[in-house]
Structures are given as C-alpha cells and as structure tokens.
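K.L.:
Sharing target_20.pdb, PDB, C-alpha atoms:
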ATOM      1  CA  TRP S 641      57.876 116.536  96.837
ATOM      2  CA  ARG S 642      56.758 119.566  94.878
ATOM      3  CA  TRP S 643      58.992 121.797  92.824
ATOM      4  CA  ALA S 644      59.139 125.324  94.140
ATOM      5  CA  ASP S 645      59.724 126.817  90.720
ATOM      6  CA  ALA S 646      57.377 125.893  87.841
ATOM      7  CA  ALA S 647      60.199 126.391  85.340
ATOM      8  CA  LEU S 648      62.039 123.447  86.880
ATOM      9  CA  LYS S 649      59.181 121.178  85.836
ATOM     10  CA  GLU S 650      60.131 121.934  82.238
ATOM     11  CA  MET S 651      63.702 120.822  82.772
ATOM     12  CA  ALA S 652      64.569 117.174  82.161
ATOM     13  CA  CYS S 653      67.255 115.443  84.166
ATOM     14  CA  LEU S 654      70.578 114.589  82.614
ATOM     15  CA  LEU S 655      71.154 110.951  81.754
ATOM     16  CA  VAL S 656      74.591 109.436  81.366
ATOM     17  CA  ALA S 657      75.247 106.588  78.927
ATOM     18  CA  ALA S 658      77.558 103.855  80.166
ATOM     19  CA  ASN S 659      78.179 100.339  78.927
ATOM     20  CA  ALA S 660      75.137 100.276  76.618
ATOM     21  CA  TRP S 661      72.606 101.137  79.346
ATOM     22  CA  LEU S 662      71.510 104.321  81.011
ATOM     23  CA  LEU S 663      72.421 105.391  84.486
ATOM     24  CA  PRO S 664      69.505 107.153  86.184
ATOM     25  CA  PRO S 665      69.535 110.926  86.677
ATOM     26  CA  ALA S 666      70.112 112.592  90.044
ATOM     27  CA  ARG S 667      66.388 112.935  90.918
ATOM     28  CA  THR S 668      65.937 109.281  89.977
ATOM     29  CA  LEU S 669      68.744 108.251  92.296
ATOM     30  CA  TYR S 670      66.910 110.051  95.112
ATOM     31  CA  ALA S 671      63.705 108.185  94.313
ATOM     32  CA  GLN S 672      65.570 104.881  94.104
ATOM     33  CA  ARG S 673      67.253 105.535  97.461
ATOM     34  CA  GLN S 674      63.810 106.218  98.899
ATOM     35  CA  LEU S 675      62.564 102.910  97.434
ATOM     36  CA  SER S 676      65.555 100.994  98.807
ATOM     37  CA  ALA S 677      65.510 102.634 102.238
ATOM     38  CA  SER S 678      61.787 102.163 102.667
ATOM     39  CA  ARG S 679      62.060  98.402 102.193
ATOM     40  CA  SER S 680      63.534  98.089 105.668
ATOM     41  CA  ARG S 681      61.018 100.426 107.335
ATOM     42  CA  PRO S 682      57.681  99.294 108.755
ATOM     43  CA  CYS S 683      54.635  99.607 106.493
ATOM     44  CA  MET S 684      53.426 103.084 105.678
ATOM     45  CA  GLN S 685      50.660 104.218 107.925
ATOM     46  CA  ARG S 686      48.758 105.897 105.116
ATOM     47  CA  GLN S 687      47.929 103.663 102.193
ATOM     48  CA  PRO S 688      47.936 105.530  98.874
ATOM     49  CA  THR S 689      44.558 105.597  97.183
ATOM     50  CA  ALA S 690      43.781 105.244  93.502
ATOM     51  CA  ARG S 691      42.858 108.436  91.706
ATOM     52  CA  ASP S 692      40.088 107.346  89.365
ATOM     53  CA  ASP S 693      38.938 110.944  88.966
ATOM     54  CA  VAL S 694      42.141 111.897  87.106
ATOM     55  CA  PRO S 695      41.770 111.882  83.305
ATOM     56  CA  PRO S 696      44.309 109.941  81.239
ATOM     57  CA  VAL S 697      47.365 111.769  79.974
ATOM     58  CA  ASP S 698      46.676 113.609  76.748
ATOM     59  CA  LYS S 699      48.874 112.974  73.725
ATOM     60  CA  ALA S 700      50.259 116.527  73.569
ATOM     61  CA  THR S 701      51.589 116.295  77.139
ATOM     62  CA  PHE S 702      53.057 112.842  76.484
ATOM     63  CA  VAL S 703      54.758 114.037  73.268
ATOM     64  CA  ALA S 704      56.176 117.117  75.046
ATOM     65  CA  ALA S 705      57.613 114.988  77.860
ATOM     66  CA  VAL S 706      59.162 112.485  75.444
ATOM     67  CA  GLU S 707      60.704 115.324  73.410
ATOM     68  CA  ILE S 708      62.339 116.739  76.553
ATOM     69  CA  LEU S 709      63.737 113.316  77.443
ATOM     70  CA  ASP S 710      64.946 112.778  73.836
ATOM     71  CA  ARG S 711      66.800 116.121  73.901
ATOM     72  CA  GLU S 712      68.446 115.341  77.228
ATOM     73  CA  LEU S 713      69.425 111.821  76.132
ATOM     74  CA  ALA S 714      70.975 113.268  72.960
ATOM     75  CA  LYS S 715      72.818 115.925  74.970
ATOM     76  CA  ALA S 716      74.158 113.287  77.380
ATOM     77  CA  GLY S 717      75.248 111.097  74.473
ATOM     78  CA  GLY S 718      76.898 114.005  72.648
ATOM     79  CA  VAL S 719      74.717 113.576  69.545
ATOM     80  CA  ASP S 720      72.220 115.757  67.729
ATOM     81  CA  PRO S 721      68.680 115.479  69.099
ATOM     82  CA  PRO S 722      66.174 113.597  66.955
ATOM     83  CA  LYS S 723      63.577 115.495  64.947
ATOM     84  CA  SER S 724      60.772 116.835  67.096
ATOM     85  CA  LEU S 725      57.870 114.385  67.287
ATOM     86  CA  SER S 726      55.327 117.200  67.148
ATOM     87  CA  GLU S 727      57.015 118.632  64.023
ATOM     88  CA  ALA S 728      57.068 115.200  62.373
ATOM     89  CA  GLU S 729      53.389 114.713  63.148
ATOM     90  CA  GLY S 730      52.480 118.235  62.069
ATOM     91  CA  SER S 731      54.169 117.763  58.688
ATOM     92  CA  GLY S 732      52.437 114.430  58.109
ATOM     93  CA  GLU S 733      55.704 112.443  58.260
ATOM     94  CA  ALA S 734      54.534 110.474  61.273
ATOM     95  CA  ALA S 735      51.518 109.922  63.494
ATOM     96  CA  PHE S 736      51.570 108.928  67.149
ATOM     97  CA  ALA S 737      49.105 107.436  69.591
ATOM     98  CA  ILE S 738      49.192 106.430  73.234
ATOM     99  CA  GLY S 739      49.181 102.658  73.640
ATOM    100  CA  LYS S 740      48.507 100.643  76.771
ATOM    101  CA  THR S 741      50.596  97.649  77.820
ATOM    102  CA  THR S 742      51.691  95.797  80.948
ATOM    103  CA  ALA S 743      55.012  94.658  82.376
ATOM    104  CA  LYS S 744      56.361  92.935  85.463
ATOM    105  CA  LEU S 745      58.928  94.560  87.737
ATOM    106  CA  PRO S 746      60.870  91.800  89.518
ATOM    107  CA  LEU S 747      61.802  92.858  93.045
ATOM    108  CA  SER S 748      65.368  91.759  92.303
ATOM    109  CA  GLU S 749      65.547  94.380  89.521
ATOM    110  CA  VAL S 750      64.016  97.425  91.259
ATOM    111  CA  GLU S 751      67.395  99.190  91.358
ATOM    112  CA  GLY S 752      67.553  98.980  87.550
ATOM    113  CA  LEU S 753      64.522 101.227  87.027
ATOM    114  CA  GLY S 754      65.185 104.911  86.393
ATOM    115  CA  LEU S 755      62.401 107.506  86.525
ATOM    116  CA  VAL S 756      62.419 111.189  85.595
ATOM    117  CA  GLU S 757      59.791 113.922  85.760
ATOM    118  CA  ALA S 758      59.430 116.009  82.603
ATOM    119  CA  THR S 759      56.546 118.365  81.768
ATOM    120  CA  TYR S 760      54.145 117.082  84.411
ATOM    121  CA  LEU S 761      54.700 113.434  83.487
ATOM    122  CA  VAL S 762      56.947 110.808  85.076
ATOM    123  CA  LEU S 763      58.729 108.756  82.416
ATOM    124  CA  VAL S 764      60.938 105.687  82.577
ATOM    125  CA  SER S 765      64.430 107.056  81.903
ATOM    126  CA  GLY S 766      66.567 103.974  82.354
ATOM    127  CA  VAL S 767      66.117 100.213  82.338
ATOM    128  CA  THR S 768      68.443  97.247  82.651
ATOM    129  CA  THR S 769      68.373  94.367  80.165
ATOM    130  CA  PRO S 770      66.233  92.161  82.473
ATOM    131  CA  LEU S 771      63.652  94.972  82.726
ATOM    132  CA  VAL S 772      63.546  95.324  78.928
ATOM    133  CA  GLU S 773      62.926  91.577  78.755
ATOM    134  CA  SER S 774      60.062  91.948  81.248
ATOM    135  CA  GLY S 775      58.350  94.547  79.033
ATOM    136  CA  LEU S 776      59.589  97.982  80.155
ATOM    137  CA  GLN S 777      61.001 100.595  77.770
ATOM    138  CA  VAL S 778      62.613 103.981  78.174
ATOM    139  CA  LYS S 779      59.913 106.673  77.656
ATOM    140  CA  ASP S 780      57.078 104.538  79.089
ATOM    141  CA  THR S 781      54.953 106.114  81.798
ATOM    142  CA  ILE S 782      53.623 103.988  84.674
ATOM    143  CA  VAL S 783      49.840 104.298  84.966
ATOM    144  CA  SER S 784      49.289 101.894  87.875
ATOM    145  CA  VAL S 785      51.020  99.346  90.093
ATOM    146  CA  SER S 786      49.576  96.126  91.478
ATOM    147  CA  VAL S 787      50.586  92.997  93.359
ATOM    148  CA  GLU S 788      49.079  89.694  92.252
ATOM    149  CA  GLY S 789      47.109  87.864  94.929
ATOM    150  CA  THR S 790      46.565  91.013  96.996
ATOM    151  CA  GLU S 791      44.123  93.902  96.955
ATOM    152  CA  LEU S 792      46.856  96.413  96.103
ATOM    153  CA  HIS S 793      46.140  98.215  92.839
ATOM    154  CA  GLU S 794      47.269 101.847  92.906
ATOM    155  CA  SER S 795      46.950 104.473  90.199
ATOM    156  CA  THR S 796      49.990 106.630  89.441
ATOM    157  CA  ARG S 797      48.300 108.833  86.825
ATOM    158  CA  ALA S 798      49.058 112.556  87.106
ATOM    159  CA  LEU S 799      51.414 112.063  90.061
ATOM    160  CA  ASP S 800      54.825 113.660  90.490
ATOM    161  CA  LEU S 801      58.034 111.683  90.921
ATOM    162  CA  ALA S 802      57.853 111.461  94.717
ATOM    163  CA  ALA S 803      54.235 110.305  94.747
ATOM    164  CA  THR S 804      54.975 107.726  92.022
ATOM    165  CA  ALA S 805      57.920 106.454  94.085
ATOM    166  CA  GLU S 806      55.586 106.247  97.108
ATOM    167  CA  ARG S 807      53.162 104.032  95.165
ATOM    168  CA  LEU S 808      56.013 101.818  93.934
ATOM    169  CA  THR S 809      57.344 101.545  97.483
ATOM    170  CA  ALA S 810      53.924 100.461  98.782
ATOM    171  CA  ALA S 811      53.699  97.819  96.045
ATOM    172  CA  ILE S 812      57.204  96.533  96.790
ATOM    173  CA  LYS S 813      56.431  96.254 100.514
ATOM    174  CA  THR S 814      53.157  94.458  99.821
ATOM    175  CA  ALA S 815      54.877  92.025  97.469
ATOM    176  CA  GLU S 816      57.639  91.310 100.009
ATOM    177  CA  GLU S 817      55.119  90.807 102.838
ATOM    178  CA  ASN S 818      53.124  88.352 100.701
ATOM    179  CA  GLY S 819      56.046  86.445  99.200
ATOM    180  CA  VAL S 820      55.390  87.731  95.676
ATOM    181  CA  ALA S 821      58.528  88.089  93.524
ATOM    182  CA  GLU S 822      57.329  90.908  91.256
ATOM    183  CA  ILE S 823      54.912  93.781  90.945
ATOM    184  CA  GLY S 824      52.635  94.400  87.998
ATOM    185  CA  LEU S 825      52.853  97.644  86.048
ATOM    186  CA  GLU S 826      50.289  99.094  83.689
ATOM    187  CA  LEU S 827      52.081 101.351  81.226
ATOM    188  CA  ASN S 828      51.290 103.938  78.606
ATOM    189  CA  ARG S 829      53.654 104.087  75.650
ATOM    190  CA  LEU S 830      53.855 106.583  72.829
ATOM    191  CA  VAL S 831      53.767 104.532  69.628
ATOM    192  CA  GLU S 832      54.330 105.578  66.049
ATOM    193  CA  LEU S 833      51.506 104.635  63.710
ATOM    194  CA  ARG S 834      52.580 103.271  60.334
ATOM    195  CA  TYR S 835      50.760 102.222  57.219
ATOM    196  CA  ALA S 836      50.923  98.512  56.429
ATOM    197  CA  GLU S 837      53.102  97.628  53.445
ATOM    198  CA  LYS S 838      51.130  96.505  50.391
TER     199      LYS S 838
END
Would you mind giving the structure from this file in structure tokens?

P.N.:
Amino acid sequence: WRWADAALKEMACLLVAANAWLLPPARTLYAQRQLSASRSRPCMQRQPTARDDVPPVDKATFVAAVEILDRELAKAGGVDPPKSLSEAEGSGEAAFAIGKTTAKLPLSEVEGLGLVEATYLVLVSGVTTPLVESGLQVKDTIVSVSVEGTELHESTRALDLAATAERLTAAIKTAEENGVAEIGLELNRLVELRYAEK
C-alpha cells in the first residue's frame, strides 16, 4: 500500500496511552487485522524475497522517524515533547548510533505488536509486557524476519508498512505450518552513546 500524497509519509500516527501500555494507531490496526485475517487464508502464492541490494537505514533517517514518533507519543499523552535528538546531538549533549539486536515474537503475542510508518521507516509503536520481555522496544525497526528450522529469512529493510506486514504474515504462516511457536526478528535500535564513569 503506497501513500498517494508524499506529505502523509511525514505524518506519524496517533498513539493512545491506556493502562501503562500503548494501543496501536489506526494504520497499525489495519496491518494487525491483515496479519490476523491472513492466518486463516491459504499460503501466499508469491513468496516475498529478501532485498539484499537495499542499503541499511542511515542514522539521519532513523533519528527523524524517532523524533516524529516521540512528538506524537507526547501529544497523545498530553505532555511536552522531549528535546529533539538531532538538536541534542548537534549541541554535543548526546550522541546516537544504530545498534543491532534480535528478539523473538511469540505467535501468541502477535496482536500485541504495533507498527507505524514515519519518514520512510516502519517503527515499533506499541508492545505488550511479554513482547518487552522477549526483547522488543518501542522505536525499534524490524530489519528481517525468520523462522527457526525453515528456510524463511526475509528482509524488511526499506519497506513500507504494508510490505513489512506481508513479510510478518509470511513468517507467521511458515511458523504455524511447521509447528514453531515464535518468529525471529532482527532489529535496529537507536541507542544513546555515553561516556563510561571514571
């Protein structure tokens, strides 16, 4: 699904805080409905292919996407937005880097994952407590999905929300068909660099 208006890509989706966890935004609910509905459908005829030719996300794009999500989270929570990450880095107050990590997405917790597209990057916008315990955080971006014991390993780099949901759906179906209880996620995370205390 492609946005017809490029300006809409700049707009982050509204998140609503409730009972100490985030409800997913409207576009996320659509993607989650697609994930849920597709579980009962036969396998996709076209298998998604990895996109090894796509360069990794650059830090400036990642920072811009996180700043949009931070502003929308603050607006939804009725609080002032945090200081801009790019301003903090530019003034020397902070430094950021993109880190790589992994997490497991249990099939029983798929409905607890919220995704949002902001500035050409799909970010995790909501997670339940079990997903936090499995290694996911709000503001992570999913780089690839895989299913242990199968050949499925799909890149999600530089994909929009619908294409990312398609890859997740394929991984969920593969896991269900092979009796695997979770899918593997490779994540990128924006991390603040700090000096070690002396």

K.L.:
Written as JSON, numbers by chain, which residues does the PyMOL selection byres ((chain S and resi 705) around 12) give for the file shown?

P.N.:
{"S": [649, 650, 651, 652, 653, 697, 698, 699, 700, 701, 702, 703, 704, 706, 707, 708, 709, 710, 711, 712, 724, 725, 726, 756, 757, 758, 759, 760, 761, 762, 763, 764, 765, 779, 780, 781, 829, 830]}

K.L.:
Which residue, S:Glu773, S:Glu832, S:Glu826, S:Glu733, has the smallest gap to Val787 of chain S when you use only C-alpha atoms?

P.N.:
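Between S:Glu773, S:Glu832, S:Glu826, S:Glu733, the residue approaching Val787 of chain S most closely is S:Glu826.
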
K.L.:
If I take atom CA of Thr804 of chain S and atom CA of Gly752 of chain S, how far is one from the other in Å, to one decimal?

P.N.:
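Pair atom CA of Thr804 of chain S / atom CA of Gly752 of chain S returns 16.0 Å.
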
K.L.:
Quick one: what's the axis-aligned box for segment 758-767 of chain S, all listed atoms, 6 Å on every side, centre and edges in Å to one decimal, as lines of an AutoDock Vina configuration file?

P.N.:
center_x = 60.4
center_y = 109.3
center_z = 83.4
size_x = 24.4
size_y = 30.2
size_z = 15.3

K.L.:
Which neighbours of Ser774 of chain S fall inside 8 Å, counting all atoms listed in the file, when residues of the same chain fewer than 4 positions from it are skipped, and could you give them as an MDAnalysis selection string?

P.N.:
chainID S and resid 743:745 770
